[in-house]
file my_file_17.cif (mmCIF, C-alpha atoms and all ligand atoms)
data_upload
loop_
_atom_site.group_PDB
_atom_site.id
_atom_site.type_symbol
_atom_site.label_atom_id
_atom_site.label_comp_id
_atom_site.auth_asym_id
_atom_site.auth_seq_id
_atom_site.Cartn_x
_atom_site.Cartn_y
_atom_site.Cartn_z
ATOM 1 C CA MET A 1 7.617 -157.582 -9.809
ATOM 2 C CA GLU A 2 8.726 -159.241 -6.575
ATOM 3 C CA LEU A 3 8.852 -156.970 -3.535
ATOM 4 C CA ILE A 4 10.983 -157.576 -0.443
ATOM 5 C CA PRO A 5 9.338 -159.610 2.339
ATOM 6 C CA GLY A 6 7.291 -157.965 5.077
ATOM 7 C CA SER A 7 4.353 -155.612 5.208
ATOM 8 C CA ALA A 8 4.167 -151.964 4.158
ATOM 9 C CA VAL A 9 3.102 -148.731 5.810
ATOM 10 C CA VAL A 10 1.866 -145.894 3.603
ATOM 11 C CA THR A 11 1.148 -142.577 5.337
ATOM 12 C CA GLY A 12 -1.596 -140.408 3.831
ATOM 13 C CA GLY A 13 -2.847 -143.498 2.018
ATOM 14 C CA SER A 14 -6.556 -142.663 1.777
ATOM 15 C CA ARG A 15 -6.317 -140.563 -1.381
ATOM 16 C CA GLY A 16 -4.117 -139.244 -4.178
ATOM 17 C CA ILE A 17 -0.584 -140.528 -4.526
ATOM 18 C CA GLY A 18 -0.633 -142.470 -1.234
ATOM 19 C CA ARG A 19 -3.787 -144.314 -2.294
ATOM 20 C CA ALA A 20 -2.216 -145.341 -5.622
ATOM 21 C CA ILE A 21 0.912 -146.542 -3.815
ATOM 22 C CA ALA A 22 -1.104 -148.572 -1.282
ATOM 23 C CA LEU A 23 -3.182 -150.197 -4.027
ATOM 24 C CA ARG A 24 -0.096 -151.054 -6.098
ATOM 25 C CA LEU A 25 1.768 -152.556 -3.137
ATOM 26 C CA GLY A 26 -1.351 -154.541 -2.248
ATOM 27 C CA GLN A 27 -1.670 -155.813 -5.835
ATOM 28 C CA LEU A 28 1.915 -157.004 -5.645
ATOM 29 C CA GLY A 29 1.071 -159.137 -2.617
ATOM 30 C CA THR A 30 2.387 -156.981 0.233
ATOM 31 C CA PRO A 31 0.107 -156.520 3.289
ATOM 32 C CA VAL A 32 -0.479 -152.767 3.665
ATOM 33 C CA ALA A 33 -1.258 -150.515 6.636
ATOM 34 C CA ILE A 34 -2.916 -147.335 5.358
ATOM 35 C CA GLY A 35 -2.390 -144.290 7.542
ATOM 36 C CA TYR A 36 -5.131 -141.650 7.378
ATOM 37 C CA THR A 37 -5.878 -138.502 9.354
ATOM 38 C CA ARG A 38 -9.631 -137.816 9.070
ATOM 39 C CA ASN A 39 -11.235 -139.668 6.187
ATOM 40 C CA VAL A 40 -11.906 -143.084 7.670
ATOM 41 C CA ASP A 41 -14.370 -144.021 4.904
ATOM 42 C CA LYS A 42 -11.911 -143.386 2.101
ATOM 43 C CA ALA A 43 -9.121 -145.193 3.954
ATOM 44 C CA GLU A 44 -11.408 -148.181 4.614
ATOM 45 C CA GLN A 45 -12.313 -148.225 0.906
ATOM 46 C CA VAL A 46 -8.644 -148.493 -0.069
ATOM 47 C CA ALA A 47 -8.141 -151.315 2.439
ATOM 48 C CA ALA A 48 -11.318 -153.053 1.203
ATOM 49 C CA ALA A 49 -10.142 -152.844 -2.430
ATOM 50 C CA ILE A 50 -6.877 -154.552 -1.494
ATOM 51 C CA VAL A 51 -8.684 -157.250 0.488
ATOM 52 C CA ALA A 52 -11.239 -157.773 -2.334
ATOM 53 C CA ALA A 53 -8.331 -158.429 -4.707
ATOM 54 C CA GLY A 54 -7.025 -161.138 -2.370
ATOM 55 C CA GLY A 55 -4.558 -159.044 -0.356
ATOM 56 C CA LYS A 56 -4.282 -157.977 3.275
ATOM 57 C CA ALA A 57 -4.758 -154.401 4.508
ATOM 58 C CA ALA A 58 -5.809 -152.255 7.456
ATOM 59 C CA ALA A 59 -6.671 -148.568 7.795
ATOM 60 C CA ILE A 60 -5.176 -146.887 10.872
ATOM 61 C CA GLN A 61 -5.614 -143.299 12.051
ATOM 62 C CA VAL A 62 -2.534 -141.111 12.634
ATOM 63 C CA ASP A 63 -1.373 -137.518 12.554
ATOM 64 C CA VAL A 64 2.273 -137.960 11.544
ATOM 65 C CA SER A 65 3.244 -134.575 12.973
ATOM 66 C CA LYS A 66 2.629 -135.932 16.498
ATOM 67 C CA ALA A 67 5.515 -138.146 17.642
ATOM 68 C CA GLU A 68 3.483 -139.981 20.297
ATOM 69 C CA GLN A 69 0.735 -140.851 17.787
ATOM 70 C CA VAL A 70 3.313 -142.188 15.341
ATOM 71 C CA ASP A 71 4.753 -144.699 17.804
ATOM 72 C CA GLU A 72 1.250 -146.035 18.514
ATOM 73 C CA PHE A 73 0.455 -146.058 14.786
ATOM 74 C CA ILE A 74 3.503 -148.144 13.880
ATOM 75 C CA ALA A 75 2.813 -150.564 16.744
ATOM 76 C CA ALA A 76 -0.820 -150.926 15.583
ATOM 77 C CA ALA A 77 0.297 -151.332 11.956
ATOM 78 C CA SER A 78 2.679 -154.198 12.725
ATOM 79 C CA GLN A 79 0.015 -155.793 14.899
ATOM 80 C CA ALA A 80 -2.533 -155.584 12.060
ATOM 81 C CA VAL A 81 -0.456 -156.526 9.013
ATOM 82 C CA GLY A 82 2.792 -157.976 10.351
ATOM 83 C CA PRO A 83 6.425 -156.834 10.679
ATOM 84 C CA ILE A 84 7.126 -153.779 8.529
ATOM 85 C CA GLY A 85 9.584 -154.169 5.692
ATOM 86 C CA ILE A 86 8.499 -151.155 3.637
ATOM 87 C CA LEU A 87 7.780 -147.586 4.756
ATOM 88 C CA ILE A 88 6.396 -144.986 2.369
ATOM 89 C CA ASN A 89 6.539 -141.491 3.883
ATOM 90 C CA ASN A 90 3.885 -139.897 1.707
ATOM 91 C CA ALA A 91 1.811 -137.676 4.036
ATOM 92 C CA GLY A 92 2.250 -134.046 3.072
ATOM 93 C CA ILE A 93 0.578 -130.654 3.023
ATOM 94 C CA THR A 94 1.122 -127.268 1.393
ATOM 95 C CA ARG A 95 0.394 -123.817 2.863
ATOM 96 C CA ASP A 96 1.554 -121.580 0.019
ATOM 97 C CA SER A 97 2.432 -117.907 0.434
ATOM 98 C CA LEU A 98 5.173 -115.491 -0.566
ATOM 99 C CA LEU A 99 7.690 -115.285 2.267
ATOM 100 C CA LEU A 100 6.888 -111.699 3.279
ATOM 101 C CA ARG A 101 3.325 -112.757 4.025
ATOM 102 C CA LEU A 102 4.038 -116.303 5.234
ATOM 103 C CA GLN A 103 2.428 -116.963 8.617
ATOM 104 C CA LYS A 104 4.735 -118.574 11.161
ATOM 105 C CA GLN A 105 2.102 -121.244 11.740
ATOM 106 C CA ALA A 106 2.060 -122.088 8.015
ATOM 107 C CA TRP A 107 5.820 -122.551 8.146
ATOM 108 C CA ALA A 108 5.588 -124.735 11.258
ATOM 109 C CA ASP A 109 2.674 -126.854 9.977
ATOM 110 C CA VAL A 110 4.338 -127.666 6.661
ATOM 111 C CA LEU A 111 7.635 -128.594 8.302
ATOM 112 C CA ALA A 112 5.826 -130.623 10.984
ATOM 113 C CA THR A 113 3.832 -132.819 8.605
ATOM 114 C CA ASN A 114 6.290 -133.218 5.732
ATOM 115 C CA LEU A 115 9.635 -133.337 7.520
ATOM 116 C CA ASP A 116 9.028 -134.123 11.205
ATOM 117 C CA GLY A 117 6.474 -136.761 10.163
ATOM 118 C CA THR A 118 9.042 -138.433 7.924
ATOM 119 C CA PHE A 119 11.530 -138.491 10.791
ATOM 120 C CA TYR A 120 9.027 -139.867 13.336
ATOM 121 C CA CYS A 121 7.725 -142.650 11.085
ATOM 122 C CA THR A 122 11.191 -143.652 9.945
ATOM 123 C CA GLN A 123 12.615 -143.816 13.444
ATOM 124 C CA ALA A 124 9.643 -145.898 14.581
ATOM 125 C CA VAL A 125 10.121 -148.583 11.898
ATOM 126 C CA LEU A 126 13.898 -148.566 11.665
ATOM 127 C CA ARG A 127 14.784 -150.730 14.671
ATOM 128 C CA GLY A 128 12.716 -153.642 13.343
ATOM 129 C CA MET A 129 14.270 -153.293 9.894
ATOM 130 C CA VAL A 130 17.779 -153.247 11.372
ATOM 131 C CA LYS A 131 16.999 -156.400 13.382
ATOM 132 C CA ARG A 132 15.700 -158.197 10.303
ATOM 133 C CA ARG A 133 18.502 -156.738 8.147
ATOM 134 C CA SER A 134 15.957 -155.862 5.485
ATOM 135 C CA GLY A 135 13.979 -152.746 4.608
ATOM 136 C CA ARG A 136 12.897 -150.249 1.994
ATOM 137 C CA ILE A 137 12.136 -146.658 2.905
ATOM 138 C CA VAL A 138 10.767 -144.386 0.192
ATOM 139 C CA ASN A 139 10.200 -140.723 0.948
ATOM 140 C CA ILE A 140 7.928 -138.619 -1.226
ATOM 141 C CA ALA A 141 9.804 -135.388 -1.868
ATOM 142 C CA SER A 142 9.040 -133.005 -4.765
ATOM 143 C CA VAL A 143 10.822 -131.393 -7.695
ATOM 144 C CA VAL A 144 10.262 -128.210 -5.696
ATOM 145 C CA GLY A 145 12.702 -129.561 -3.097
ATOM 146 C CA ILE A 146 15.377 -129.695 -5.814
ATOM 147 C CA HIS A 147 14.663 -126.551 -7.817
ATOM 148 C CA GLY A 148 12.668 -124.332 -5.430
ATOM 149 C CA ASN A 149 9.409 -122.555 -6.264
ATOM 150 C CA ALA A 150 8.302 -118.992 -5.564
ATOM 151 C CA GLY A 151 5.477 -119.036 -3.028
ATOM 152 C CA GLN A 152 6.555 -122.347 -1.497
ATOM 153 C CA THR A 153 9.565 -121.572 0.717
ATOM 154 C CA ASN A 154 8.117 -123.655 3.539
ATOM 155 C CA TYR A 155 7.227 -126.630 1.332
ATOM 156 C CA ALA A 156 10.500 -126.471 -0.638
ATOM 157 C CA ALA A 157 12.495 -126.345 2.607
ATOM 158 C CA ALA A 158 10.623 -129.388 3.924
ATOM 159 C CA LYS A 159 11.075 -131.346 0.705
ATOM 160 C CA ALA A 160 14.760 -130.380 0.399
ATOM 161 C CA GLY A 161 15.067 -131.490 4.032
ATOM 162 C CA ILE A 162 13.555 -134.842 3.086
ATOM 163 C CA ILE A 163 16.178 -135.246 0.353
ATOM 164 C CA GLY A 164 19.027 -134.524 2.792
ATOM 165 C CA PHE A 165 17.435 -136.878 5.318
ATOM 166 C CA THR A 166 17.150 -139.606 2.649
ATOM 167 C CA LYS A 167 20.804 -139.407 1.606
ATOM 168 C CA SER A 168 22.102 -139.257 5.179
ATOM 169 C CA LEU A 169 20.031 -142.183 6.450
ATOM 170 C CA ALA A 170 20.884 -144.180 3.328
ATOM 171 C CA GLN A 171 24.522 -143.941 4.386
ATOM 172 C CA GLU A 172 23.745 -144.929 7.995
ATOM 173 C CA VAL A 173 21.866 -148.119 7.134
ATOM 174 C CA ALA A 174 23.300 -149.275 3.797
ATOM 175 C CA LYS A 175 25.250 -152.137 5.385
ATOM 176 C CA ARG A 176 22.102 -153.403 7.133
ATOM 177 C CA GLY A 177 20.172 -154.401 4.029
ATOM 178 C CA ILE A 178 18.019 -151.260 4.134
ATOM 179 C CA THR A 179 17.689 -148.832 1.235
ATOM 180 C CA VAL A 180 16.427 -145.264 1.572
ATOM 181 C CA ASN A 181 15.352 -143.416 -1.547
ATOM 182 C CA ALA A 182 13.188 -140.475 -2.518
ATOM 183 C CA VAL A 183 10.733 -139.930 -5.328
ATOM 184 C CA ALA A 184 10.290 -136.341 -6.479
ATOM 185 C CA PRO A 185 6.961 -135.896 -8.257
ATOM 186 C CA GLY A 186 6.379 -132.931 -10.548
ATOM 187 C CA PHE A 187 2.761 -131.903 -11.146
ATOM 188 C CA ILE A 188 0.475 -134.826 -10.295
ATOM 189 C CA ALA A 189 -3.316 -134.511 -10.631
ATOM 190 C CA THR A 190 -4.587 -134.923 -7.044
ATOM 191 C CA ASP A 191 -6.588 -132.902 -4.493
ATOM 192 C CA MET A 192 -3.355 -131.062 -3.644
ATOM 193 C CA THR A 193 -2.933 -129.614 -7.153
ATOM 194 C CA ALA A 194 -6.668 -129.315 -7.888
ATOM 195 C CA SER A 195 -6.773 -126.396 -5.450
ATOM 196 C CA LEU A 196 -4.315 -124.362 -7.581
ATOM 197 C CA PRO A 197 -5.836 -121.598 -9.747
ATOM 198 C CA ALA A 198 -6.571 -122.707 -13.344
ATOM 199 C CA ASN A 199 -4.026 -120.274 -14.836
ATOM 200 C CA ILE A 200 -1.229 -121.713 -12.643
ATOM 201 C CA GLN A 201 -2.236 -125.259 -13.663
ATOM 202 C CA ASP A 202 -2.077 -124.181 -17.338
ATOM 203 C CA GLN A 203 1.366 -122.607 -16.838
ATOM 204 C CA TYR A 204 2.676 -125.935 -15.509
ATOM 205 C CA LEU A 205 1.118 -127.904 -18.339
ATOM 206 C CA ASN A 206 2.882 -125.719 -20.913
ATOM 207 C CA LYS A 207 6.226 -126.517 -19.255
ATOM 208 C CA ILE A 208 5.789 -130.315 -19.069
ATOM 209 C CA PRO A 209 7.553 -132.002 -22.030
ATOM 210 C CA SER A 210 5.241 -135.043 -21.800
ATOM 211 C CA GLY A 211 2.296 -132.699 -22.410
ATOM 212 C CA ARG A 212 0.144 -134.005 -19.555
ATOM 213 C CA TYR A 213 -0.126 -133.885 -15.786
ATOM 214 C CA GLY A 214 1.170 -136.910 -13.919
ATOM 215 C CA LYS A 215 -1.162 -139.541 -12.494
ATOM 216 C CA PRO A 216 -0.802 -140.948 -8.969
ATOM 217 C CA GLU A 217 -0.069 -144.309 -10.640
ATOM 218 C CA ASP A 218 2.992 -142.790 -12.354
ATOM 219 C CA VAL A 219 4.441 -142.070 -8.908
ATOM 220 C CA ALA A 220 3.357 -145.457 -7.520
ATOM 221 C CA ALA A 221 5.300 -147.231 -10.281
ATOM 222 C CA ALA A 222 8.563 -145.521 -9.257
ATOM 223 C CA VAL A 223 7.911 -146.161 -5.568
ATOM 224 C CA THR A 224 7.261 -149.882 -6.037
ATOM 225 C CA PHE A 225 10.398 -150.190 -8.143
ATOM 226 C CA PHE A 226 12.453 -148.990 -5.152
ATOM 227 C CA CYS A 227 10.613 -151.562 -2.988
ATOM 228 C CA SER A 228 11.383 -154.449 -5.305
ATOM 229 C CA ALA A 229 13.686 -157.255 -4.260
ATOM 230 C CA SER A 230 15.983 -156.493 -7.203
ATOM 231 C CA ALA A 231 16.504 -152.805 -6.270
ATOM 232 C CA GLY A 232 18.705 -153.634 -3.267
ATOM 233 C CA TYR A 233 21.793 -151.958 -4.741
ATOM 234 C CA ILE A 234 20.038 -148.613 -5.271
ATOM 235 C CA THR A 235 20.084 -146.275 -2.275
ATOM 236 C CA GLY A 236 20.253 -142.569 -1.485
ATOM 237 C CA GLN A 237 18.715 -141.695 -4.832
ATOM 238 C CA VAL A 238 16.141 -139.092 -5.805
ATOM 239 C CA LEU A 239 14.034 -140.099 -8.801
ATOM 240 C CA SER A 240 11.979 -137.355 -10.437
ATOM 241 C CA VAL A 241 8.607 -138.437 -11.813
ATOM 242 C CA ASP A 242 7.621 -135.285 -13.637
ATOM 243 C CA GLY A 243 7.131 -135.857 -17.364
ATOM 244 C CA GLY A 244 10.452 -134.106 -17.934
ATOM 245 C CA LEU A 245 9.404 -130.874 -16.142
ATOM 246 C CA SER A 246 12.705 -130.494 -14.302
ATOM 247 C CA MET A 247 15.046 -131.481 -17.152
HETATM 248 P P1 LIG A 301 -3.208 -135.132 -1.130
HETATM 249 O O1 LIG A 301 -3.481 -133.833 -0.467
HETATM 250 O O2 LIG A 301 -4.251 -135.727 -2.004
HETATM 251 O O3 LIG A 301 -2.767 -136.245 -0.085
HETATM 252 C C1 LIG A 301 -1.985 -135.959 1.031
HETATM 253 C C2 LIG A 301 -2.275 -137.011 2.069
HETATM 254 O O4 LIG A 301 -1.509 -136.723 3.235
HETATM 255 C C3 LIG A 301 -3.742 -137.051 2.485
HETATM 256 O O5 LIG A 301 -4.177 -138.391 2.549
HETATM 257 C C4 LIG A 301 -3.726 -136.422 3.863
HETATM 258 O O6 LIG A 301 -4.756 -136.910 4.707
HETATM 259 C C5 LIG A 301 -2.367 -136.845 4.358
HETATM 260 N N1 LIG A 301 -1.912 -135.994 5.461
HETATM 261 C C6 LIG A 301 -1.856 -134.641 5.493
HETATM 262 N N2 LIG A 301 -1.425 -134.231 6.696
HETATM 263 C C7 LIG A 301 -1.212 -135.344 7.446
HETATM 264 C C8 LIG A 301 -0.775 -135.577 8.772
HETATM 265 N N3 LIG A 301 -0.445 -134.566 9.602
HETATM 266 N N4 LIG A 301 -0.679 -136.858 9.202
HETATM 267 C C9 LIG A 301 -0.997 -137.882 8.389
HETATM 268 N N5 LIG A 301 -1.413 -137.736 7.119
HETATM 269 C C10 LIG A 301 -1.524 -136.477 6.661
HETATM 270 O O7 LIG A 301 -1.885 -134.872 -1.961
HETATM 271 P P2 LIG A 301 -0.997 -135.796 -2.911
HETATM 272 O O8 LIG A 301 -0.785 -135.008 -4.132
HETATM 273 O O9 LIG A 301 -1.509 -137.172 -3.002
HETATM 274 O O10 LIG A 301 0.377 -135.765 -2.088
HETATM 275 C C11 LIG A 301 1.044 -136.912 -1.604
HETATM 276 C C12 LIG A 301 2.513 -136.560 -1.404
HETATM 277 O O11 LIG A 301 3.091 -136.213 -2.666
HETATM 278 C C13 LIG A 301 2.749 -135.358 -0.499
HETATM 279 O O12 LIG A 301 3.894 -135.575 0.284
HETATM 280 C C14 LIG A 301 3.012 -134.241 -1.480
HETATM 281 O O13 LIG A 301 3.786 -133.208 -0.917
HETATM 282 C C15 LIG A 301 3.756 -134.992 -2.557
HETATM 283 N N6 LIG A 301 3.783 -134.331 -3.855
HETATM 284 C C16 LIG A 301 2.621 -134.123 -4.558
HETATM 285 C C17 LIG A 301 2.702 -133.494 -5.791
HETATM 286 C C18 LIG A 301 1.499 -133.232 -6.644
HETATM 287 O O14 LIG A 301 1.643 -132.614 -7.706
HETATM 288 N N7 LIG A 301 0.323 -133.693 -6.282
HETATM 289 C C19 LIG A 301 3.938 -133.060 -6.292
HETATM 290 C C20 LIG A 301 5.074 -133.296 -5.544
HETATM 291 C C21 LIG A 301 4.986 -133.926 -4.329
#

call {"tool": "encode", "arguments": {"input": "my_file_17.cif", "output": "structure tokens"}}
result
Amino acid sequence: MELIPGSAVVTGGSRGIGRAIALRLGQLGTPVAIGYTRNVDKAEQVAAAIVAAGGKAAAIQVDVSKAEQVDEFIAAASQAVGPIGILINNAGITRDSLLLRLQKQAWADVLATNLDGTFYCTQAVLRGMVKRRSGRIVNIASVVGIHGNAGQTNYAAAKAGIIGFTKSLAQEVAKRGITVNAVAPGFIATDMTASLPANIQDQYLNKIPSGRYGKPEDVAAAVTFFCSASAGYITGQVLSVDGGLSM
């Protein structure tokens, strides 16, 4: 698969879905800047794996919920790996609770990382993409942002916000050679879902037509498709990667 020219930024790229996306983009020959918050060792390992396979990569620290850090992060990323053609807004957190008990901080934190972070990173890369008349932005939403989920009002609101953001920006930049799409994973086996109680994990499994949890690589495949040179006529879309869960 041939990707568009330029380097890529993947937020939350040290583990889980972001790691799989970074590795896949690197395999396909795109230089990758891996954003991480705390785990420098894991982020460096992802970068080293890309370099060992003949690619180019750098691990760069950032908290995407802090606008001023994001501007520095994007500047450092383009310095390290070159002008950014691909942005993957993957960083995300959950703070689950039924609404009556939901702490205001848990609401704010989830919106700040998932939605504000997507806005900050996108705004920081967009000017360069507009200048070069080329870009691919892929936002990691969730099936929960489409269908809702009891106990996740904050997360569902953030992910639904990401979908609205995706479709609106897609319209703003379509004539500039930039596509903006979202991938909506279902239940993917990562640290995020490992923390769910076993009975909740089993309930999901029973509802997934494919009969298995998703792998980070399943999501990475959809993301890289949107980044491919031949996907230039696809924009404003939300692609569920969920084994049929949301059918
Ligand atoms: P994960 O917890 O393994 O990874 C999340 C990553 O985001 C981590 O690398 C973490 O360091 C990073 N991150 C968290 N807060 C950050 C911040 N403020 N600034 C920068 N980075 C930050 O989870 P995952 O399952 O790999 O999730 C990746 C994305 O996929 C998230 O957006 C998540 O909401 C979404 N998603 C996951 C699932 C699933 O089933 N695992 C389902 C739907 C959507």

call {"tool": "closest_residue", "arguments": {"input": "my_file_17.cif", "among": "A:Asp218, A:Asp242, A:Asp191, A:Asp116", "to": "Ala20 of chain A", "atoms": "only C-alpha atoms"}}
result
A:Asp218

call {"tool": "resolve_selection", "arguments": {"input": "my_file_17.cif", "expression": "the PyMOL selection byres (((not hetatm)) within 7 of (chain A and resi 301))", "output": "ChimeraX atom specification"}}
result
/A:11-18,35-38,62-65,90-94,113-114,140-143,184-193

call {"tool": "resolve_selection", "arguments": {"input": "my_file_17.cif", "expression": "the PyMOL selection byres (((chain A and resi 123-132) around 7) and not hetatm)", "output": "ChimeraX atom specification"}}
result
/A:71,74,84-85,119-122,133-135,176

call {"tool": "resolve_selection", "arguments": {"input": "my_file_17.cif", "expression": "the PyMOL selection byres (((chain A and resi 150) around 12) and not hetatm)", "output": "list in words"}}
result
Asp96, Ser97, Leu98, Leu99, Leu100, Leu102, Val144, Gly145, His147, Gly148, Asn149, Gly151, Gln152, Thr153, Asn154, Tyr155, Ala156 and Ala157 of chain A

call {"tool": "atom_distance", "arguments": {"input": "my_file_17.cif", "atom1": "atom CA of Phe226 of chain A", "atom2": "atom CA of Arg212 of chain A"}}
result
24.2 Å

call {"tool": "closest_residue", "arguments": {"input": "my_file_17.cif", "among": "A:Val238, A:Arg24, A:Ile162, A:Gly211", "to": "Asn181 of chain A", "atoms": "all atoms listed in the file"}}
result
A:Val238

call {"tool": "closest_residue", "arguments": {"input": "my_file_17.cif", "among": "A:Lys42, A:Arg136, A:Lys56, A:Lys104", "to": "Ile86 of chain A", "atoms": "only C-alpha atoms"}}
result
A:Arg136

call {"tool": "atom_distance", "arguments": {"input": "my_file_17.cif", "atom1": "atom CA of Leu196 of chain A", "atom2": "atom CA of Ala43 of chain A"}}
result
24.3 Å

call {"tool": "closest_residue", "arguments": {"input": "my_file_17.cif", "among": "A:Leu245, A:Ala47, A:Ala108, A:Val180", "to": "Leu205 of chain A", "atoms": "only C-alpha atoms"}}
result
A:Leu245

call {"tool": "closest_residue", "arguments": {"input": "my_file_17.cif", "among": "A:Ala220, A:Ile200, A:Leu87, A:Ala76", "to": "Ile21 of chain A", "atoms": "only C-alpha atoms"}}
result
A:Ala220

call {"tool": "axis_aligned_box", "arguments": {"input": "my_file_17.cif", "around": "segment 51-67 of chain A", "padding_each_side": "6 Å", "output": "AutoDock Vina command-line options"}}
result
--center_x -2.9 --center_y -147.9 --center_z 6.5 --size_x 28.8 --size_y 38.6 --size_z 34.3

call {"tool": "atom_distance", "arguments": {"input": "my_file_17.cif", "atom1": "atom CA of Val40 of chain A", "atom2": "atom CA of Ala77 of chain A"}}
result
15.3 Å

call {"tool": "closest_residue", "arguments": {"input": "my_file_17.cif", "among": "A:Val173, A:Pro31, A:Gly26, A:Gln69", "to": "Ala49 of chain A", "atoms": "all atoms listed in the file"}}
result
A:Gly26

call {"tool": "residues_near_point", "arguments": {"input": "my_file_17.cif", "point": "(5.7, -148.5, -3.5)", "cutoff": "8 Å", "atoms": "only C-alpha atoms", "output": "PyMOL selection string"}}
result
chain A and resi 21-22+24-25+88+138+220-227

call {"tool": "residues_around", "arguments": {"input": "my_file_17.cif", "residues": "Gly6 of chain A", "least_positions_apart": "2", "cutoff": "7 Å", "atoms": "all atoms listed in the file", "output": "list of chain:residue names"}}
result
A:Ile4, A:Ala8, A:Thr30, A:Gly82, A:Pro83, A:Ile84, A:Gly85

call {"tool": "decode", "arguments": {"input": "my_file_17.cif", "residues": "segment 131-136 of chain A", "atoms": "all heavy atoms", "output": "PDB file, in the first residue's frame"}}
result
ATOM      1  N   LYS A 131      -0.761  24.384   3.232  1.00  0.00           N
ATOM      2  CA  LYS A 131       0.302  24.930   2.377  1.00  0.00           C
ATOM      3  C   LYS A 131       0.744  23.923   1.333  1.00  0.00           C
ATOM      4  O   LYS A 131       0.951  24.261   0.171  1.00  0.00           O
ATOM      5  CB  LYS A 131       1.514  25.297   3.250  1.00  0.00           C
ATOM      6  CG  LYS A 131       1.694  26.777   3.439  1.00  0.00           C
ATOM      7  CD  LYS A 131       3.042  27.051   4.097  1.00  0.00           C
ATOM      8  CE  LYS A 131       2.879  28.198   5.066  1.00  0.00           C
ATOM      9  NZ  LYS A 131       3.806  28.158   6.177  1.00  0.00           N
ATOM     10  N   ARG A 132       0.895  22.678   1.768  1.00  0.00           N
ATOM     11  CA  ARG A 132       1.375  21.623   0.855  1.00  0.00           C
ATOM     12  C   ARG A 132       0.242  20.997   0.050  1.00  0.00           C
ATOM     13  O   ARG A 132       0.469  20.129  -0.779  1.00  0.00           O
ATOM     14  CB  ARG A 132       2.134  20.543   1.652  1.00  0.00           C
ATOM     15  CG  ARG A 132       3.442  21.040   2.244  1.00  0.00           C
ATOM     16  CD  ARG A 132       4.225  19.919   2.908  1.00  0.00           C
ATOM     17  NE  ARG A 132       3.564  19.427   4.113  1.00  0.00           N
ATOM     18  CZ  ARG A 132       3.658  20.009   5.310  1.00  0.00           C
ATOM     19  NH1 ARG A 132       4.385  21.098   5.477  1.00  0.00           N
ATOM     20  NH2 ARG A 132       3.018  19.510   6.350  1.00  0.00           N
ATOM     21  N   ARG A 133      -0.993  21.420   0.337  1.00  0.00           N
ATOM     22  CA  ARG A 133      -2.189  20.897  -0.327  1.00  0.00           C
ATOM     23  C   ARG A 133      -2.238  19.373  -0.293  1.00  0.00           C
ATOM     24  O   ARG A 133      -2.601  18.701  -1.268  1.00  0.00           O
ATOM     25  CB  ARG A 133      -2.272  21.408  -1.782  1.00  0.00           C
ATOM     26  CG  ARG A 133      -2.357  22.931  -1.873  1.00  0.00           C
ATOM     27  CD  ARG A 133      -2.703  23.402  -3.261  1.00  0.00           C
ATOM     28  NE  ARG A 133      -4.093  23.130  -3.621  1.00  0.00           N
ATOM     29  CZ  ARG A 133      -5.139  23.861  -3.245  1.00  0.00           C
ATOM     30  NH1 ARG A 133      -4.962  24.915  -2.466  1.00  0.00           N
ATOM     31  NH2 ARG A 133      -6.338  23.541  -3.623  1.00  0.00           N
ATOM     32  N   SER A 134      -1.894  18.827   0.868  1.00  0.00           N
ATOM     33  CA  SER A 134      -1.886  17.372   1.021  1.00  0.00           C
ATOM     34  C   SER A 134      -1.955  17.019   2.500  1.00  0.00           C
ATOM     35  O   SER A 134      -1.216  17.583   3.311  1.00  0.00           O
ATOM     36  CB  SER A 134      -0.594  16.819   0.408  1.00  0.00           C
ATOM     37  OG  SER A 134      -0.423  15.466   0.747  1.00  0.00           O
ATOM     38  N   GLY A 135      -2.815  16.100   2.868  1.00  0.00           N
ATOM     39  CA  GLY A 135      -2.864  15.663   4.263  1.00  0.00           C
ATOM     40  C   GLY A 135      -3.904  14.592   4.493  1.00  0.00           C
ATOM     41  O   GLY A 135      -4.861  14.440   3.735  1.00  0.00           O
ATOM     42  N   ARG A 136      -3.653  13.825   5.555  1.00  0.00           N
ATOM     43  CA  ARG A 136      -4.608  12.798   5.994  1.00  0.00           C
ATOM     44  C   ARG A 136      -4.720  12.925   7.505  1.00  0.00           C
ATOM     45  O   ARG A 136      -3.704  12.788   8.212  1.00  0.00           O
ATOM     46  CB  ARG A 136      -4.113  11.384   5.673  1.00  0.00           C
ATOM     47  CG  ARG A 136      -3.955  11.076   4.193  1.00  0.00           C
ATOM     48  CD  ARG A 136      -5.319  10.717   3.593  1.00  0.00           C
ATOM     49  NE  ARG A 136      -5.152  10.195   2.256  1.00  0.00           N
ATOM     50  CZ  ARG A 136      -5.126  10.939   1.148  1.00  0.00           C
ATOM     51  NH1 ARG A 136      -5.246  12.256   1.231  1.00  0.00           N
ATOM     52  NH2 ARG A 136      -4.989  10.367  -0.018  1.00  0.00           N
TER      53      ARG A 136
END
